[in-house]
Amino acid sequence: MSEQIRVGGVQASAATLKKFATDYLSGNEEWAYPAYDSYGGAAASEIVEDADFLAICLLNAGQQPIRSYYTLKRLQGPINEGLSNPLLRGSFRDANEATLEAIADLFGILDNHGPTPNVGKTKLMKVLHRKRPALIPLFDENVRRCYSVPGTRPIPPDRQRTHREFARVWLPAFQADFRSQEHFWEEIAALALPEVPITPLRAMDIIAWYLGRKQRKEEPLELTS
């Protein structure tokens, strides 16, 4: 029986997931890789610059791109102030509670500097991941569904949570899945083109996106927590 890989409450065989990842990481122009991962030198600069705001379009998060750009531009100061936290170093695997809190603070930018029209957790984390690709995870609706789907609900939806409160619940759960199956994320990362390497954390996001999309086709859409 093939090894089963689980992200939150959704799982599939390792063979199925590796087949998808092989195509995704092949340079096939249907997918966001390697466009997003190589755009603008990616993590060449540790601070967020104007060009980074356009990277979200390369992960299909460019809805209302002009309004999104202006919102992110307004948040640029708080974003870079948050990134300057010395706790935001190292890998997601080794991140301790204090570092997870520092990542949650980045989510909290949306709470503290609102309203943020056309920018939520998805777009913000697509910008931030590029600055710390081994530490700051990506997030989107498909990832959310892995953790808040009917039936399993590792993190039941709660519309009263702030963005930061959601992150404080989600990050430890995501880290547990990352650590327990790290061998597989490393195997997926090794499939990337040599000239555009990815981290195991990015590899996990690719798989979570696939699993969440699969779940999305099988379950009715819920309100985002």
# chains A, B, ... in the order shown; residues from 1 in each chain; ligands from 1
call {"tool": "select_by_dssp", "arguments": {"residues": "stretch 54-208 of chain A", "states": "helix (DSSP H, G or I)", "output": "number ranges by chain"}}
result
A: 54-59, 65-83, 97-107, 109-112, 121-129, 141-148, 163-180, 182-189, 200-208
call {"tool": "residues_around", "arguments": {"residues": "A:Leu58", "least_positions_apart": "4", "cutoff": "12 Å", "atoms": "only C-alpha atoms", "output": "list in words"}}
result
Glu29, Glu30, Trp31, Ala32, Tyr33, Pro34, Ala35, Tyr36, Asp37, Ser38, Tyr39, Gly40, Asp52, Phe53, Leu54, Gly62, Gln63, Pro65, Lys123, Lys126 and Val127 of chain A
call {"tool": "residues_around", "arguments": {"residues": "A:Ala12", "least_positions_apart": "3", "cutoff": "12 Å", "atoms": "only C-alpha atoms", "output": "PyMOL selection string"}}
result
chain A and resi 1-9+15-20+146+207-208+210-212+214-215
call {"tool": "write_last_selection", "arguments": {"atoms": "N, CA, C and O atoms", "output": "JSON list (two decimals), in the first residue's frame"}}
result
[["chain", "number", "residue", "atom", "x", "y", "z"],
["A", 1, "MET", "N", 0.85, -1.20, 0.00],
["A", 1, "MET", "CA", 0.00, 0.00, 0.00],
["A", 1, "MET", "C", 0.89, 1.25, 0.00],
["A", 1, "MET", "O", 1.85, 1.33, 0.74],
["A", 2, "SER", "N", 0.57, 2.19, -0.86],
["A", 2, "SER", "CA", 1.37, 3.40, -0.99],
["A", 2, "SER", "C", 1.29, 4.24, 0.28],
["A", 2, "SER", "O", 0.25, 4.32, 0.94],
["A", 3, "GLU", "N", 2.40, 4.87, 0.60],
["A", 3, "GLU", "CA", 2.43, 5.79, 1.73],
["A", 3, "GLU", "C", 1.39, 6.89, 1.52],
["A", 3, "GLU", "O", 1.23, 7.41, 0.43],
["A", 4, "GLN", "N", 0.69, 7.23, 2.59],
["A", 4, "GLN", "CA", -0.29, 8.31, 2.55],
["A", 4, "GLN", "C", 0.32, 9.58, 3.15],
["A", 4, "GLN", "O", 0.95, 9.53, 4.20],
["A", 5, "ILE", "N", 0.14, 10.68, 2.46],
["A", 5, "ILE", "CA", 0.62, 11.98, 2.92],
["A", 5, "ILE", "C", -0.58, 12.81, 3.31],
["A", 5, "ILE", "O", -1.55, 12.94, 2.55],
["A", 6, "ARG", "N", -0.52, 13.39, 4.50],
["A", 6, "ARG", "CA", -1.65, 14.15, 5.03],
["A", 6, "ARG", "C", -1.24, 15.59, 5.29],
["A", 6, "ARG", "O", -0.17, 15.86, 5.84],
["A", 7, "VAL", "N", -2.12, 16.50, 4.90],
["A", 7, "VAL", "CA", -1.99, 17.91, 5.27],
["A", 7, "VAL", "C", -3.30, 18.31, 5.91],
["A", 7, "VAL", "O", -4.35, 18.31, 5.26],
["A", 8, "GLY", "N", -3.26, 18.60, 7.20],
["A", 8, "GLY", "CA", -4.50, 18.89, 7.91],
["A", 8, "GLY", "C", -5.40, 17.68, 7.90],
["A", 8, "GLY", "O", -5.02, 16.60, 8.34],
["A", 9, "GLY", "N", -6.61, 17.84, 7.35],
["A", 9, "GLY", "CA", -7.57, 16.75, 7.32],
["A", 9, "GLY", "C", -7.70, 16.08, 5.97],
["A", 9, "GLY", "O", -8.67, 15.34, 5.75],
["A", 15, "ALA", "N", 2.48, 8.56, -4.11],
["A", 15, "ALA", "CA", 2.70, 8.39, -5.54],
["A", 15, "ALA", "C", 1.89, 9.39, -6.36],
["A", 15, "ALA", "O", 2.39, 10.00, -7.32],
["A", 16, "THR", "N", 0.63, 9.59, -5.97],
["A", 16, "THR", "CA", -0.23, 10.55, -6.67],
["A", 16, "THR", "C", 0.31, 11.96, -6.53],
["A", 16, "THR", "O", 0.37, 12.73, -7.50],
["A", 17, "LEU", "N", 0.72, 12.31, -5.33],
["A", 17, "LEU", "CA", 1.21, 13.66, -5.07],
["A", 17, "LEU", "C", 2.54, 13.91, -5.77],
["A", 17, "LEU", "O", 2.77, 15.01, -6.30],
["A", 18, "LYS", "N", 3.39, 12.91, -5.80],
["A", 18, "LYS", "CA", 4.68, 13.07, -6.47],
["A", 18, "LYS", "C", 4.48, 13.24, -7.97],
["A", 18, "LYS", "O", 5.19, 14.02, -8.63],
["A", 19, "LYS", "N", 3.51, 12.55, -8.53],
["A", 19, "LYS", "CA", 3.22, 12.69, -9.95],
["A", 19, "LYS", "C", 2.80, 14.12, -10.27],
["A", 19, "LYS", "O", 3.26, 14.71, -11.26],
["A", 20, "PHE", "N", 1.91, 14.69, -9.44],
["A", 20, "PHE", "CA", 1.49, 16.08, -9.66],
["A", 20, "PHE", "C", 2.68, 17.02, -9.52],
["A", 20, "PHE", "O", 2.89, 17.91, -10.35],
["A", 146, "CYS", "N", -7.57, 22.51, 3.73],
["A", 146, "CYS", "CA", -6.94, 21.33, 4.31],
["A", 146, "CYS", "C", -7.13, 21.28, 5.82],
["A", 146, "CYS", "O", -7.13, 20.19, 6.41],
["A", 207, "ILE", "N", 1.94, 20.80, -2.40],
["A", 207, "ILE", "CA", 1.12, 19.63, -2.11],
["A", 207, "ILE", "C", -0.17, 20.04, -1.39],
["A", 207, "ILE", "O", -1.25, 19.51, -1.69],
["A", 208, "ALA", "N", -0.07, 20.97, -0.45],
["A", 208, "ALA", "CA", -1.26, 21.44, 0.26],
["A", 208, "ALA", "C", -2.24, 22.09, -0.72],
["A", 208, "ALA", "O", -3.47, 21.91, -0.61],
["A", 210, "TYR", "N", -2.61, 21.35, -3.88],
["A", 210, "TYR", "CA", -3.23, 20.27, -4.64],
["A", 210, "TYR", "C", -4.32, 19.58, -3.81],
["A", 210, "TYR", "O", -5.43, 19.34, -4.28],
["A", 211, "LEU", "N", -4.00, 19.26, -2.56],
["A", 211, "LEU", "CA", -4.96, 18.56, -1.71],
["A", 211, "LEU", "C", -6.17, 19.43, -1.39],
["A", 211, "LEU", "O", -7.30, 18.95, -1.35],
["A", 212, "GLY", "N", -5.93, 20.72, -1.15],
["A", 212, "GLY", "CA", -7.04, 21.62, -0.88],
["A", 212, "GLY", "C", -7.94, 21.81, -2.08],
["A", 212, "GLY", "O", -9.16, 21.91, -1.94],
["A", 214, "LYS", "N", -8.41, 19.56, -4.37],
["A", 214, "LYS", "CA", -9.16, 18.30, -4.43],
["A", 214, "LYS", "C", -10.34, 18.34, -3.46],
["A", 214, "LYS", "O", -11.46, 17.96, -3.79],
["A", 215, "GLN", "N", -10.07, 18.80, -2.24],
["A", 215, "GLN", "CA", -11.13, 18.90, -1.23],
["A", 215, "GLN", "C", -12.20, 19.89, -1.67],
["A", 215, "GLN", "O", -13.39, 19.68, -1.46]]
call {"tool": "residues_around", "arguments": {"residues": "A:Gln175", "least_positions_apart": "2", "cutoff": "12 Å", "atoms": "only C-alpha atoms", "output": "ChimeraX atom specification"}}
result
/A:7-8,91-97,99-100,135-137,167-173,177-182,200-201,204-205
call {"tool": "select_by_dssp", "arguments": {"residues": "stretch 4-137 of chain A", "states": "strand (DSSP E)", "output": "ChimeraX atom specification"}}
result
/A:4-7,10-13
call {"tool": "residues_around", "arguments": {"residues": "A:Arg202", "least_positions_apart": "5", "cutoff": "8 Å", "atoms": "only C-alpha atoms", "output": "PDB file with all heavy atoms, in the first residue's frame"}}
result
ATOM      1  N   PRO A 133      11.985  32.148   2.426  1.00  0.00           N
ATOM      2  CA  PRO A 133      11.344  30.968   1.840  1.00  0.00           C
ATOM      3  C   PRO A 133      11.489  29.678   2.642  1.00  0.00           C
ATOM      4  O   PRO A 133      10.745  28.734   2.420  1.00  0.00           O
ATOM      5  CB  PRO A 133      12.019  30.843   0.472  1.00  0.00           C
ATOM      6  CG  PRO A 133      13.319  31.582   0.614  1.00  0.00           C
ATOM      7  CD  PRO A 133      13.048  32.691   1.577  1.00  0.00           C
ATOM      8  N   ALA A 134      12.433  29.636   3.571  1.00  0.00           N
ATOM      9  CA  ALA A 134      12.575  28.443   4.414  1.00  0.00           C
ATOM     10  C   ALA A 134      11.799  28.571   5.716  1.00  0.00           C
ATOM     11  O   ALA A 134      11.673  27.593   6.459  1.00  0.00           O
ATOM     12  CB  ALA A 134      14.046  28.188   4.731  1.00  0.00           C
ATOM     13  N   PRO A 137       5.571  30.364   5.764  1.00  0.00           N
ATOM     14  CA  PRO A 137       4.779  29.546   4.842  1.00  0.00           C
ATOM     15  C   PRO A 137       3.836  30.382   3.991  1.00  0.00           C
ATOM     16  O   PRO A 137       3.440  31.487   4.359  1.00  0.00           O
ATOM     17  CB  PRO A 137       3.995  28.632   5.786  1.00  0.00           C
ATOM     18  CG  PRO A 137       3.870  29.406   7.062  1.00  0.00           C
ATOM     19  CD  PRO A 137       5.141  30.220   7.162  1.00  0.00           C
ATOM     20  N   LEU A 138       3.486  29.838   2.850  1.00  0.00           N
ATOM     21  CA  LEU A 138       2.446  30.404   2.015  1.00  0.00           C
ATOM     22  C   LEU A 138       1.077  30.017   2.575  1.00  0.00           C
ATOM     23  O   LEU A 138       0.953  29.069   3.362  1.00  0.00           O
ATOM     24  CB  LEU A 138       2.581  29.887   0.582  1.00  0.00           C
ATOM     25  CG  LEU A 138       3.752  30.463  -0.213  1.00  0.00           C
ATOM     26  CD1 LEU A 138       4.260  29.454  -1.224  1.00  0.00           C
ATOM     27  CD2 LEU A 138       3.350  31.752  -0.899  1.00  0.00           C
ATOM     28  N   ALA A 189      10.957  18.786  -3.040  1.00  0.00           N
ATOM     29  CA  ALA A 189      11.834  19.920  -3.337  1.00  0.00           C
ATOM     30  C   ALA A 189      12.947  19.517  -4.292  1.00  0.00           C
ATOM     31  O   ALA A 189      13.379  20.317  -5.137  1.00  0.00           O
ATOM     32  CB  ALA A 189      12.415  20.486  -2.042  1.00  0.00           C
TER      33      ALA A 189
END
call {"tool": "closest_residue", "arguments": {"among": "A:Tyr69, A:Phe139, A:Tyr24, A:Tyr147", "to": "A:Asn118", "atoms": "only C-alpha atoms"}}
result
A:Tyr69
call {"tool": "closest_residue", "arguments": {"among": "A:Glu49, A:Arg132, A:Leu88, A:Val119", "to": "A:Arg67", "atoms": "only C-alpha atoms"}}
result
A:Val119
call {"tool": "closest_residue", "arguments": {"among": "A:Leu75, A:Ile103, A:Val143, A:Ala192", "to": "A:Glu165", "atoms": "only C-alpha atoms"}}
result
A:Ile103
call {"tool": "atom_distance", "arguments": {"atom1": "atom CA of A:Leu106", "atom2": "atom CA of A:Gly77"}}
result
12.0 Å
call {"tool": "atom_distance", "arguments": {"atom1": "atom CA of A:Met125", "atom2": "atom CA of A:Phe107"}}
result
7.9 Å
call {"tool": "atom_distance", "arguments": {"atom1": "atom CA of A:Asp50", "atom2": "atom CA of A:Val196"}}
result
22.0 Å
